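Accompanying notes for the structure given below.
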Amino acid sequence: MAQTHRRGLLVILSSPSGAGKSTLSHMLLDWDPNMRFSVSATTRPPRPGEENGRDYYFKTPEEFQQIVDDGGMLEHAEVFGNRYGSPKKPVEEAIAVGNDVVFDVDWQGGQQIRASSMNHDVVSIFILPPSIIELERRLQSRGQDSAEVVANRMAKARDEISHWAEYQYLIVNDDLDKAFETLKSILVAERTKRIRRNDLMEHVTKLNEEFEALK
Ligand SMILES: Nc1nc2c(ncn2[C@@H]2O[C@H](COP(=O)(O)OP(=O)(O)O)[C@@H](O)[C@H]2O)c(=O)[nH]1
Ligand SMILES: Nc1ncnc2c1ncn2[C@@H]1O[C@H](COP(=O)(O)OP(=O)(O)O)[C@@H](O)[C@H]1O
């Protein structure tokens with residue numbers, strides 16, 4: 001049976017801030033060298049240790065608006081008073097050669113990507129914290145945000161969680177290793193589903209040709 005070329009998946013990870021989507025997306029990238037991370041553009045200032053071009057593309061509001069005006073964003077939204085967006089071109093290039101792309105975006109980004117022309121290739125996953133106390137503990141333990149920033153994120157967490165049902169898969173990130181095992185299983189199944197369907201389509205065409213040849 002001919003091995004067909006599989007387009008890459010758009011893997012959307014959303015969660016309230018602090019539930020663990022950055023941690024899980026880094027684990028995914030380490031697991032599969034062909035996996036790409038969609039590096040977002042943002043107008044928020046870098047945190048200590050964050051690198052321009054690796055974690056985010058840090059932009060002025062004017063630069064950000066220019067990319068939007070040029071049609072360069074697959075999606076964009078305002079989150080916690082700053083603008084965030086996913087540049088379109090790197091995503092198109094990656095999925096065309098069969099690389100899956102991980103998005104760390106909020107529910108607004110999830111909705112826009114699902115509404116885009118690439119919606120057939122989307123796998124959307126929502127990460128839930130085991131409890132709200134633990135969510136706050138994780139935000140504080142990250143130690144990179146002021147008490148005010150943590151309070152702001154906690155205030156928005158309920159709103160973000162209210163969008164859980166829009167996602168195809170839900171993972172409670174209690175034990176990190178178990179959450180990661182579940183995430184990998186989702187991707188393995190989604191990849192298999194697509195490869196098998198393409199293969200079978202070709203295979204059925206070949207069987208039909210064989211019927212024709214018998215006539
Ligand atoms: N819509 C959208 N949301 C994004 C994008 N990049 C990041 N976000 C979301 O913006 C929120 C804040 O992200 P960040 O400032 O890195 O804080 P963190 O989630 O606490 O690490 C999170 O919910 C991210 O998922 C993007 O390109 N588009
Ligand atoms: N399952 C887990 N158990 C304990 N701590 C976790 C777990 N998952 C993530 N963390 C920690 O919680 C904090 C927030 O995680 P992070 O991945 O930055 O969240 P998000 O990207 O959703 O804002 C980090 O310090 C991270 O190491």
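Ordered as shown in the structure tokens, chains take letters A, B, and onward, while each chain numbers its residues from 1 and ligands are numbered from 1 in the order shown.
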Rows by chain and residue number, chain A within 9 Å of ligand 2, shortest pair, only C-alpha atoms and all ligand atoms, as a tab-separated table:
```
residue	atom	partner	partner_atom_place_in_ligand_line	distance
A:Leu13	CA	ligand 2	22 (O)	8.9
A:Ser14	CA	ligand 2	22 (O)	7.6
A:Ser15	CA	ligand 2	22 (O)	5.8
A:Pro16	CA	ligand 2	22 (O)	6.1
A:Ser17	CA	ligand 2	23 (O)	3.8
A:Gly18	CA	ligand 2	23 (O)	3.5
A:Ala19	CA	ligand 2	22 (O)	4.2
A:Gly20	CA	ligand 2	17 (O)	3.3
A:Lys21	CA	ligand 2	22 (O)	3.9
A:Ser22	CA	ligand 2	21 (O)	3.6
A:Thr23	CA	ligand 2	17 (O)	3.7
A:Leu24	CA	ligand 2	17 (O)	6.4
A:Ser25	CA	ligand 2	17 (O)	8.0
A:His26	CA	ligand 2	17 (O)	8.5
A:Asp104	CA	ligand 2	21 (O)	7.5
A:Ile127	CA	ligand 2	22 (O)	7.9
A:Pro129	CA	ligand 2	1 (N)	8.1
A:Pro130	CA	ligand 2	1 (N)	8.6
A:Glu134	CA	ligand 2	4 (C)	8.3
A:Leu135	CA	ligand 2	12 (O)	7.7
A:Arg137	CA	ligand 2	12 (O)	7.8
A:Arg138	CA	ligand 2	12 (O)	4.1
A:Leu139	CA	ligand 2	14 (C)	5.6
A:Gln140	CA	ligand 2	13 (C)	7.9
A:Ser141	CA	ligand 2	25 (O)	5.6
A:Arg142	CA	ligand 2	25 (O)	3.9
A:Gly143	CA	ligand 2	25 (O)	7.6
A:Val172	CA	ligand 2	1 (N)	8.6
A:Asn173	CA	ligand 2	1 (N)	4.9
A:Asp174	CA	ligand 2	1 (N)	4.6
A:Asp175	CA	ligand 2	1 (N)	4.5
A:Leu176	CA	ligand 2	1 (N)	3.5
A:Asp177	CA	ligand 2	1 (N)	7.3
A:Lys178	CA	ligand 2	1 (N)	8.4
A:Ala179	CA	ligand 2	1 (N)	7.2
A:Phe180	CA	ligand 2	1 (N)	9.0
```
Keeping only N, CA and C atoms, write the selected residues as an mmCIF file, in the first residue's frame.
```cif
data_model
loop_
_atom_site.group_PDB
_atom_site.id
_atom_site.type_symbol
_atom_site.label_atom_id
_atom_site.label_comp_id
_atom_site.auth_asym_id
_atom_site.auth_seq_id
_atom_site.Cartn_x
_atom_site.Cartn_y
_atom_site.Cartn_z
ATOM 1 N N LEU A 13 -3.549 24.095 22.249
ATOM 2 C CA LEU A 13 -3.566 23.872 23.697
ATOM 3 C C LEU A 13 -4.054 25.150 24.362
ATOM 4 N N SER A 14 -5.167 25.071 25.076
ATOM 5 C CA SER A 14 -5.647 26.224 25.840
ATOM 6 C C SER A 14 -5.871 25.799 27.275
ATOM 7 N N SER A 15 -5.837 26.783 28.173
ATOM 8 C CA SER A 15 -6.082 26.516 29.600
ATOM 9 C C SER A 15 -6.088 27.849 30.316
ATOM 10 N N PRO A 16 -6.607 27.872 31.547
ATOM 11 C CA PRO A 16 -6.357 29.083 32.326
ATOM 12 C C PRO A 16 -4.855 29.199 32.561
ATOM 13 N N SER A 17 -4.363 30.401 32.667
ATOM 14 C CA SER A 17 -2.951 30.634 32.888
ATOM 15 C C SER A 17 -2.501 29.891 34.155
ATOM 16 N N GLY A 18 -1.405 29.148 34.061
ATOM 17 C CA GLY A 18 -0.878 28.423 35.218
ATOM 18 C C GLY A 18 -1.262 26.951 35.251
ATOM 19 N N ALA A 19 -2.163 26.507 34.376
ATOM 20 C CA ALA A 19 -2.598 25.097 34.420
ATOM 21 C C ALA A 19 -1.545 24.152 33.843
ATOM 22 N N GLY A 20 -0.605 24.694 33.058
ATOM 23 C CA GLY A 20 0.516 23.847 32.613
ATOM 24 C C GLY A 20 0.675 23.699 31.110
ATOM 25 N N LYS A 21 0.079 24.585 30.317
ATOM 26 C CA LYS A 21 0.182 24.346 28.869
ATOM 27 C C LYS A 21 1.572 24.645 28.315
ATOM 28 N N SER A 22 2.304 25.606 28.882
ATOM 29 C CA SER A 22 3.681 25.823 28.394
ATOM 30 C C SER A 22 4.535 24.607 28.722
ATOM 31 N N THR A 23 4.399 24.092 29.949
ATOM 32 C CA THR A 23 5.175 22.919 30.361
ATOM 33 C C THR A 23 4.881 21.746 29.430
ATOM 34 N N LEU A 24 3.608 21.479 29.176
ATOM 35 C CA LEU A 24 3.228 20.334 28.336
ATOM 36 C C LEU A 24 3.655 20.554 26.884
ATOM 37 N N SER A 25 3.589 21.801 26.402
ATOM 38 C CA SER A 25 4.000 21.990 25.005
ATOM 39 C C SER A 25 5.511 21.805 24.863
ATOM 40 N N HIS A 26 6.289 22.215 25.869
ATOM 41 C CA HIS A 26 7.738 21.970 25.792
ATOM 42 C C HIS A 26 8.037 20.465 25.794
ATOM 43 N N ASP A 104 -0.072 27.598 21.769
ATOM 44 C CA ASP A 104 -0.432 27.936 23.156
ATOM 45 C C ASP A 104 -1.233 29.236 23.043
ATOM 46 N N ILE A 127 -6.651 22.159 28.823
ATOM 47 C CA ILE A 127 -5.983 21.654 30.028
ATOM 48 C C ILE A 127 -6.657 22.277 31.259
ATOM 49 N N PRO A 129 -6.820 22.568 35.547
ATOM 50 C CA PRO A 129 -6.038 22.326 36.766
ATOM 51 C C PRO A 129 -6.805 21.360 37.670
ATOM 52 N N PRO A 130 -6.101 20.647 38.579
ATOM 53 C CA PRO A 130 -6.819 19.736 39.479
ATOM 54 C C PRO A 130 -7.730 20.499 40.445
ATOM 55 N N GLU A 134 -4.710 24.845 43.677
ATOM 56 C CA GLU A 134 -3.470 24.388 43.026
ATOM 57 C C GLU A 134 -3.112 25.314 41.850
ATOM 58 N N LEU A 135 -4.125 25.811 41.150
ATOM 59 C CA LEU A 135 -3.858 26.745 40.047
ATOM 60 C C LEU A 135 -3.136 27.982 40.594
ATOM 61 N N ARG A 137 -1.457 28.200 43.367
ATOM 62 C CA ARG A 137 -0.130 27.810 43.857
ATOM 63 C C ARG A 137 0.867 27.746 42.693
ATOM 64 N N ARG A 138 0.420 27.210 41.564
ATOM 65 C CA ARG A 138 1.328 27.103 40.406
ATOM 66 C C ARG A 138 1.688 28.486 39.858
ATOM 67 N N LEU A 139 0.697 29.361 39.812
ATOM 68 C CA LEU A 139 0.986 30.718 39.309
ATOM 69 C C LEU A 139 2.007 31.405 40.217
ATOM 70 N N GLN A 140 1.833 31.209 41.533
ATOM 71 C CA GLN A 140 2.769 31.838 42.483
ATOM 72 C C GLN A 140 4.137 31.166 42.410
ATOM 73 N N SER A 141 4.132 29.829 42.271
ATOM 74 C CA SER A 141 5.410 29.107 42.317
ATOM 75 C C SER A 141 6.261 29.376 41.078
ATOM 76 N N ARG A 142 5.622 29.792 40.005
ATOM 77 C CA ARG A 142 6.400 30.123 38.807
ATOM 78 C C ARG A 142 7.334 31.288 39.124
ATOM 79 N N GLY A 143 6.887 32.128 40.076
ATOM 80 C CA GLY A 143 7.761 33.169 40.633
ATOM 81 C C GLY A 143 8.190 34.238 39.656
ATOM 82 N N VAL A 172 -7.007 16.777 32.623
ATOM 83 C CA VAL A 172 -6.772 17.372 33.940
ATOM 84 C C VAL A 172 -5.288 17.193 34.246
ATOM 85 N N ASN A 173 -4.578 18.292 34.361
ATOM 86 C CA ASN A 173 -3.131 18.218 34.618
ATOM 87 C C ASN A 173 -2.877 18.180 36.125
ATOM 88 N N ASP A 174 -3.044 16.960 36.684
ATOM 89 C CA ASP A 174 -2.758 16.766 38.111
ATOM 90 C C ASP A 174 -1.335 16.221 38.194
ATOM 91 N N ASP A 175 -1.170 14.938 37.869
ATOM 92 C CA ASP A 175 0.176 14.366 37.758
ATOM 93 C C ASP A 175 0.703 14.684 36.351
ATOM 94 N N LEU A 176 1.830 15.388 36.296
ATOM 95 C CA LEU A 176 2.335 15.880 35.004
ATOM 96 C C LEU A 176 2.636 14.738 34.025
ATOM 97 N N ASP A 177 3.278 13.682 34.511
ATOM 98 C CA ASP A 177 3.635 12.581 33.608
ATOM 99 C C ASP A 177 2.396 11.909 33.019
ATOM 100 N N LYS A 178 1.362 11.768 33.853
ATOM 101 C CA LYS A 178 0.120 11.151 33.344
ATOM 102 C C LYS A 178 -0.538 12.063 32.316
ATOM 103 N N ALA A 179 -0.547 13.356 32.603
ATOM 104 C CA ALA A 179 -1.149 14.317 31.665
ATOM 105 C C ALA A 179 -0.410 14.251 30.327
ATOM 106 N N PHE A 180 0.912 14.119 30.401
ATOM 107 C CA PHE A 180 1.697 14.064 29.164
ATOM 108 C C PHE A 180 1.429 12.775 28.390
#
```
What residues of the protein or nucleic acid chains come within 9 Å of ligand 1 when you use only C-alpha atoms and all ligand atoms? Reply as a PDB file with N, CA and C atoms, in the first residue's frame.
```
ATOM      1  N   LEU A  13      -3.549  24.095  22.249  1.00  0.00           N
ATOM      2  CA  LEU A  13      -3.566  23.872  23.697  1.00  0.00           C
ATOM      3  C   LEU A  13      -4.054  25.150  24.362  1.00  0.00           C
ATOM      4  N   SER A  14      -5.167  25.071  25.076  1.00  0.00           N
ATOM      5  CA  SER A  14      -5.647  26.224  25.840  1.00  0.00           C
ATOM      6  C   SER A  14      -5.871  25.799  27.275  1.00  0.00           C
ATOM      7  N   SER A  15      -5.837  26.783  28.173  1.00  0.00           N
ATOM      8  CA  SER A  15      -6.082  26.516  29.600  1.00  0.00           C
ATOM      9  C   SER A  15      -6.088  27.849  30.316  1.00  0.00           C
ATOM     10  N   PRO A  16      -6.607  27.872  31.547  1.00  0.00           N
ATOM     11  CA  PRO A  16      -6.357  29.083  32.326  1.00  0.00           C
ATOM     12  C   PRO A  16      -4.855  29.199  32.561  1.00  0.00           C
ATOM     13  N   SER A  17      -4.363  30.401  32.667  1.00  0.00           N
ATOM     14  CA  SER A  17      -2.951  30.634  32.888  1.00  0.00           C
ATOM     15  C   SER A  17      -2.501  29.891  34.155  1.00  0.00           C
ATOM     16  N   GLY A  18      -1.405  29.148  34.061  1.00  0.00           N
ATOM     17  CA  GLY A  18      -0.878  28.423  35.218  1.00  0.00           C
ATOM     18  C   GLY A  18      -1.262  26.951  35.251  1.00  0.00           C
ATOM     19  N   ALA A  19      -2.163  26.507  34.376  1.00  0.00           N
ATOM     20  CA  ALA A  19      -2.598  25.097  34.420  1.00  0.00           C
ATOM     21  C   ALA A  19      -1.545  24.152  33.843  1.00  0.00           C
ATOM     22  N   GLY A  20      -0.605  24.694  33.058  1.00  0.00           N
ATOM     23  CA  GLY A  20       0.516  23.847  32.613  1.00  0.00           C
ATOM     24  C   GLY A  20       0.675  23.699  31.110  1.00  0.00           C
ATOM     25  N   LYS A  21       0.079  24.585  30.317  1.00  0.00           N
ATOM     26  CA  LYS A  21       0.182  24.346  28.869  1.00  0.00           C
ATOM     27  C   LYS A  21       1.572  24.645  28.315  1.00  0.00           C
ATOM     28  N   SER A  22       2.304  25.606  28.882  1.00  0.00           N
ATOM     29  CA  SER A  22       3.681  25.823  28.394  1.00  0.00           C
ATOM     30  C   SER A  22       4.535  24.607  28.722  1.00  0.00           C
ATOM     31  N   SER A  38       4.257  27.175  17.489  1.00  0.00           N
ATOM     32  CA  SER A  38       3.874  28.438  16.862  1.00  0.00           C
ATOM     33  C   SER A  38       4.276  29.570  17.798  1.00  0.00           C
ATOM     34  N   VAL A  39       5.367  30.242  17.468  1.00  0.00           N
ATOM     35  CA  VAL A  39       5.855  31.347  18.309  1.00  0.00           C
ATOM     36  C   VAL A  39       4.960  32.562  18.047  1.00  0.00           C
ATOM     37  N   SER A  40       4.249  32.958  19.090  1.00  0.00           N
ATOM     38  CA  SER A  40       3.304  34.075  18.946  1.00  0.00           C
ATOM     39  C   SER A  40       4.021  35.401  18.986  1.00  0.00           C
ATOM     40  N   ALA A  41       3.367  36.398  18.418  1.00  0.00           N
ATOM     41  CA  ALA A  41       3.792  37.790  18.608  1.00  0.00           C
ATOM     42  C   ALA A  41       2.980  38.351  19.768  1.00  0.00           C
ATOM     43  N   THR A  42       3.597  39.199  20.576  1.00  0.00           N
ATOM     44  CA  THR A  42       2.856  39.822  21.683  1.00  0.00           C
ATOM     45  C   THR A  42       3.366  41.230  21.956  1.00  0.00           C
ATOM     46  N   ARG A  44       3.187  42.227  25.097  1.00  0.00           N
ATOM     47  CA  ARG A  44       3.584  42.254  26.514  1.00  0.00           C
ATOM     48  C   ARG A  44       5.107  42.201  26.642  1.00  0.00           C
ATOM     49  N   PRO A  45       5.649  42.782  27.732  1.00  0.00           N
ATOM     50  CA  PRO A  45       7.112  42.763  27.894  1.00  0.00           C
ATOM     51  C   PRO A  45       7.613  41.356  28.215  1.00  0.00           C
ATOM     52  N   PRO A  46       8.869  41.054  27.838  1.00  0.00           N
ATOM     53  CA  PRO A  46       9.410  39.720  28.138  1.00  0.00           C
ATOM     54  C   PRO A  46       9.552  39.480  29.638  1.00  0.00           C
ATOM     55  N   ARG A  47       9.344  38.217  30.073  1.00  0.00           N
ATOM     56  CA  ARG A  47       9.667  37.826  31.450  1.00  0.00           C
ATOM     57  C   ARG A  47      11.147  37.500  31.493  1.00  0.00           C
ATOM     58  N   ASP A  55      10.421  32.248  22.644  1.00  0.00           N
ATOM     59  CA  ASP A  55       9.187  32.205  23.451  1.00  0.00           C
ATOM     60  C   ASP A  55       8.087  33.033  22.781  1.00  0.00           C
ATOM     61  N   TYR A  56       8.436  34.194  22.382  1.00  0.00           N
ATOM     62  CA  TYR A  56       7.515  35.121  21.698  1.00  0.00           C
ATOM     63  C   TYR A  56       8.328  36.001  20.772  1.00  0.00           C
ATOM     64  N   MET A  73      -1.579  37.483  10.362  1.00  0.00           N
ATOM     65  CA  MET A  73      -1.931  36.685  11.550  1.00  0.00           C
ATOM     66  C   MET A  73      -2.997  35.652  11.205  1.00  0.00           C
ATOM     67  N   LEU A  74      -2.758  34.413  11.645  1.00  0.00           N
ATOM     68  CA  LEU A  74      -3.775  33.370  11.520  1.00  0.00           C
ATOM     69  C   LEU A  74      -4.927  33.673  12.475  1.00  0.00           C
ATOM     70  N   GLU A  75      -4.593  34.223  13.639  1.00  0.00           N
ATOM     71  CA  GLU A  75      -5.576  34.664  14.640  1.00  0.00           C
ATOM     72  C   GLU A  75      -4.886  35.667  15.529  1.00  0.00           C
ATOM     73  N   HIS A  76      -5.664  36.502  16.179  1.00  0.00           N
ATOM     74  CA  HIS A  76      -5.080  37.410  17.181  1.00  0.00           C
ATOM     75  C   HIS A  76      -6.164  37.849  18.151  1.00  0.00           C
ATOM     76  N   ALA A  77      -5.747  38.202  19.363  1.00  0.00           N
ATOM     77  CA  ALA A  77      -6.727  38.566  20.395  1.00  0.00           C
ATOM     78  C   ALA A  77      -6.048  39.406  21.467  1.00  0.00           C
ATOM     79  N   GLU A  78      -6.876  40.062  22.274  1.00  0.00           N
ATOM     80  CA  GLU A  78      -6.336  40.773  23.435  1.00  0.00           C
ATOM     81  C   GLU A  78      -6.534  39.884  24.660  1.00  0.00           C
ATOM     82  N   VAL A  79      -5.456  39.660  25.397  1.00  0.00           N
ATOM     83  CA  VAL A  79      -5.514  38.828  26.609  1.00  0.00           C
ATOM     84  C   VAL A  79      -4.785  39.582  27.720  1.00  0.00           C
ATOM     85  N   PHE A  80      -5.404  39.707  28.879  1.00  0.00           N
ATOM     86  CA  PHE A  80      -4.817  40.413  30.030  1.00  0.00           C
ATOM     87  C   PHE A  80      -4.289  41.799  29.633  1.00  0.00           C
ATOM     88  N   ASN A  82      -2.988  42.839  26.893  1.00  0.00           N
ATOM     89  CA  ASN A  82      -1.956  42.879  25.847  1.00  0.00           C
ATOM     90  C   ASN A  82      -2.468  42.149  24.615  1.00  0.00           C
ATOM     91  N   ARG A  83      -1.835  42.435  23.470  1.00  0.00           N
ATOM     92  CA  ARG A  83      -2.245  41.764  22.240  1.00  0.00           C
ATOM     93  C   ARG A  83      -1.337  40.557  21.973  1.00  0.00           C
ATOM     94  N   TYR A  84      -1.957  39.484  21.489  1.00  0.00           N
ATOM     95  CA  TYR A  84      -1.244  38.251  21.151  1.00  0.00           C
ATOM     96  C   TYR A  84      -1.740  37.775  19.793  1.00  0.00           C
ATOM     97  N   GLY A  85      -0.848  37.207  18.983  1.00  0.00           N
ATOM     98  CA  GLY A  85      -1.288  36.678  17.697  1.00  0.00           C
ATOM     99  C   GLY A  85      -0.351  35.610  17.186  1.00  0.00           C
ATOM    100  N   SER A  86      -0.897  34.727  16.331  1.00  0.00           N
ATOM    101  CA  SER A  86      -0.101  33.637  15.744  1.00  0.00           C
ATOM    102  C   SER A  86       0.235  33.980  14.293  1.00  0.00           C
ATOM    103  N   PRO A  87       1.515  34.229  13.983  1.00  0.00           N
ATOM    104  CA  PRO A  87       1.891  34.515  12.595  1.00  0.00           C
ATOM    105  C   PRO A  87       1.534  33.333  11.681  1.00  0.00           C
ATOM    106  N   PHE A 103       0.018  25.169  19.284  1.00  0.00           N
ATOM    107  CA  PHE A 103      -0.365  26.553  19.604  1.00  0.00           C
ATOM    108  C   PHE A 103      -0.689  26.653  21.085  1.00  0.00           C
ATOM    109  N   ASP A 104      -0.072  27.598  21.769  1.00  0.00           N
ATOM    110  CA  ASP A 104      -0.432  27.936  23.156  1.00  0.00           C
ATOM    111  C   ASP A 104      -1.233  29.236  23.043  1.00  0.00           C
ATOM    112  N   VAL A 105      -2.556  29.082  22.913  1.00  0.00           N
ATOM    113  CA  VAL A 105      -3.416  30.260  22.696  1.00  0.00           C
ATOM    114  C   VAL A 105      -4.625  30.203  23.629  1.00  0.00           C
ATOM    115  N   ASP A 106      -5.263  31.338  23.837  1.00  0.00           N
ATOM    116  CA  ASP A 106      -6.451  31.357  24.692  1.00  0.00           C
ATOM    117  C   ASP A 106      -7.680  30.920  23.884  1.00  0.00           C
ATOM    118  N   TRP A 107      -8.855  30.920  24.526  1.00  0.00           N
ATOM    119  CA  TRP A 107     -10.071  30.431  23.870  1.00  0.00           C
ATOM    120  C   TRP A 107     -10.425  31.239  22.617  1.00  0.00           C
ATOM    121  N   GLN A 108     -10.079  32.508  22.605  1.00  0.00           N
ATOM    122  CA  GLN A 108     -10.390  33.324  21.420  1.00  0.00           C
ATOM    123  C   GLN A 108      -9.561  32.862  20.224  1.00  0.00           C
ATOM    124  N   GLY A 109      -8.282  32.556  20.507  1.00  0.00           N
ATOM    125  CA  GLY A 109      -7.415  32.022  19.456  1.00  0.00           C
ATOM    126  C   GLY A 109      -7.924  30.666  18.984  1.00  0.00           C
ATOM    127  N   GLY A 110      -8.350  29.837  19.937  1.00  0.00           N
ATOM    128  CA  GLY A 110      -8.885  28.516  19.596  1.00  0.00           C
ATOM    129  C   GLY A 110     -10.085  28.656  18.666  1.00  0.00           C
ATOM    130  N   GLN A 111     -10.974  29.547  19.003  1.00  0.00           N
ATOM    131  CA  GLN A 111     -12.178  29.742  18.156  1.00  0.00           C
ATOM    132  C   GLN A 111     -11.796  30.199  16.755  1.00  0.00           C
ATOM    133  N   GLN A 112     -10.851  31.133  16.668  1.00  0.00           N
ATOM    134  CA  GLN A 112     -10.493  31.675  15.341  1.00  0.00           C
ATOM    135  C   GLN A 112      -9.784  30.632  14.479  1.00  0.00           C
ATOM    136  N   LEU A 139       0.697  29.361  39.812  1.00  0.00           N
ATOM    137  CA  LEU A 139       0.986  30.718  39.309  1.00  0.00           C
ATOM    138  C   LEU A 139       2.007  31.405  40.217  1.00  0.00           C
ATOM    139  N   ASP A 145       5.782  36.474  38.207  1.00  0.00           N
ATOM    140  CA  ASP A 145       4.780  37.524  38.104  1.00  0.00           C
ATOM    141  C   ASP A 145       4.516  38.148  39.473  1.00  0.00           C
ATOM    142  N   VAL A 150      -0.673  37.901  39.227  1.00  0.00           N
ATOM    143  CA  VAL A 150      -1.260  36.610  39.604  1.00  0.00           C
ATOM    144  C   VAL A 150      -2.758  36.787  39.872  1.00  0.00           C
ATOM    145  N   ARG A 153      -4.687  37.101  36.685  1.00  0.00           N
ATOM    146  CA  ARG A 153      -4.833  35.816  35.979  1.00  0.00           C
ATOM    147  C   ARG A 153      -5.866  34.918  36.656  1.00  0.00           C
ATOM    148  N   GLU A 160     -11.919  31.725  31.248  1.00  0.00           N
ATOM    149  CA  GLU A 160     -11.228  30.817  30.307  1.00  0.00           C
ATOM    150  C   GLU A 160     -11.810  29.403  30.441  1.00  0.00           C
TER     151      GLU A 160
END
```
**Request:** Write out as a ChimeraX atom specification all residues of segment 151-183 of chain A that DSSP puts in helix (DSSP H, G or I) for this structure's backbone.
**Result:** /A:151-161,164-166,176-183
**Prompt:** Of the candidates A:Glu166, A:Ser124, A:Arg6, A:Val11, which one gets nearest to Lys193 of chain A if we count only C-alpha atoms?
**Reply:**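 For Lys193 of chain A, the nearest of the given residues is A:Arg6.
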**Item:** Of the listed residues A:Lys156, A:Ile161, A:Val97, A:Phe211, that which approaches Met35 of chain A most closely, counting only C-alpha atoms
**Value:**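 Once distances to Met35 of chain A are computed over only C-alpha atoms, the minimum belongs to A:Val97.
Take atom CA of Gly72 of chain A and atom CA of Tyr169 of chain A: the distance between them is 28.4 Å.
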**Request:** Show which residues sit within 6 Å of Leu9 of chain A, as JSON, numbers by chain. Count only C-alpha atoms, and ignore same-chain residues fewer than 3 positions away.
**Result:** {"A": [100, 121, 122]}
Write out the residues from the selection above, keeping N, CA and C atoms, as a PDB file, in the first residue's frame.
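See again08.pdb below for the written result:
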```
ATOM      1  N   ASP A 100       3.648  18.825  12.573  1.00  0.00           N
ATOM      2  CA  ASP A 100       2.546  19.310  13.405  1.00  0.00           C
ATOM      3  C   ASP A 100       2.979  20.595  14.115  1.00  0.00           C
ATOM      4  N   ASP A 121      -7.660  20.215   9.934  1.00  0.00           N
ATOM      5  CA  ASP A 121      -6.399  19.690  10.471  1.00  0.00           C
ATOM      6  C   ASP A 121      -6.200  20.051  11.945  1.00  0.00           C
ATOM      7  N   VAL A 122      -7.262  20.577  12.584  1.00  0.00           N
ATOM      8  CA  VAL A 122      -7.140  21.040  13.971  1.00  0.00           C
ATOM      9  C   VAL A 122      -7.401  19.908  14.972  1.00  0.00           C
TER      10      VAL A 122
END
```
**Which residue of A:Leu29, A:Arg194, A:Ala96, A:Asn208 approaches His120 of chain A most closely, using only C-alpha atoms** =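 Answer, going by the shortest atom-to-atom distance: A:Arg194.
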**Message:** Using only C-alpha atoms for the distances, tell me which of A:Glu51, A:Asn99, A:Lys88, A:Ala115 is nearest to Pro33 of chain A.
**Reply:**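 With only C-alpha atoms as the atom set, the closest residue is A:Asn99.
Remark: for Phe64 of chain A, the closest of the candidate residues A:Thr43, A:Glu212, A:Ala189, A:Leu200 is A:Thr43 (distances computed over only C-alpha atoms).
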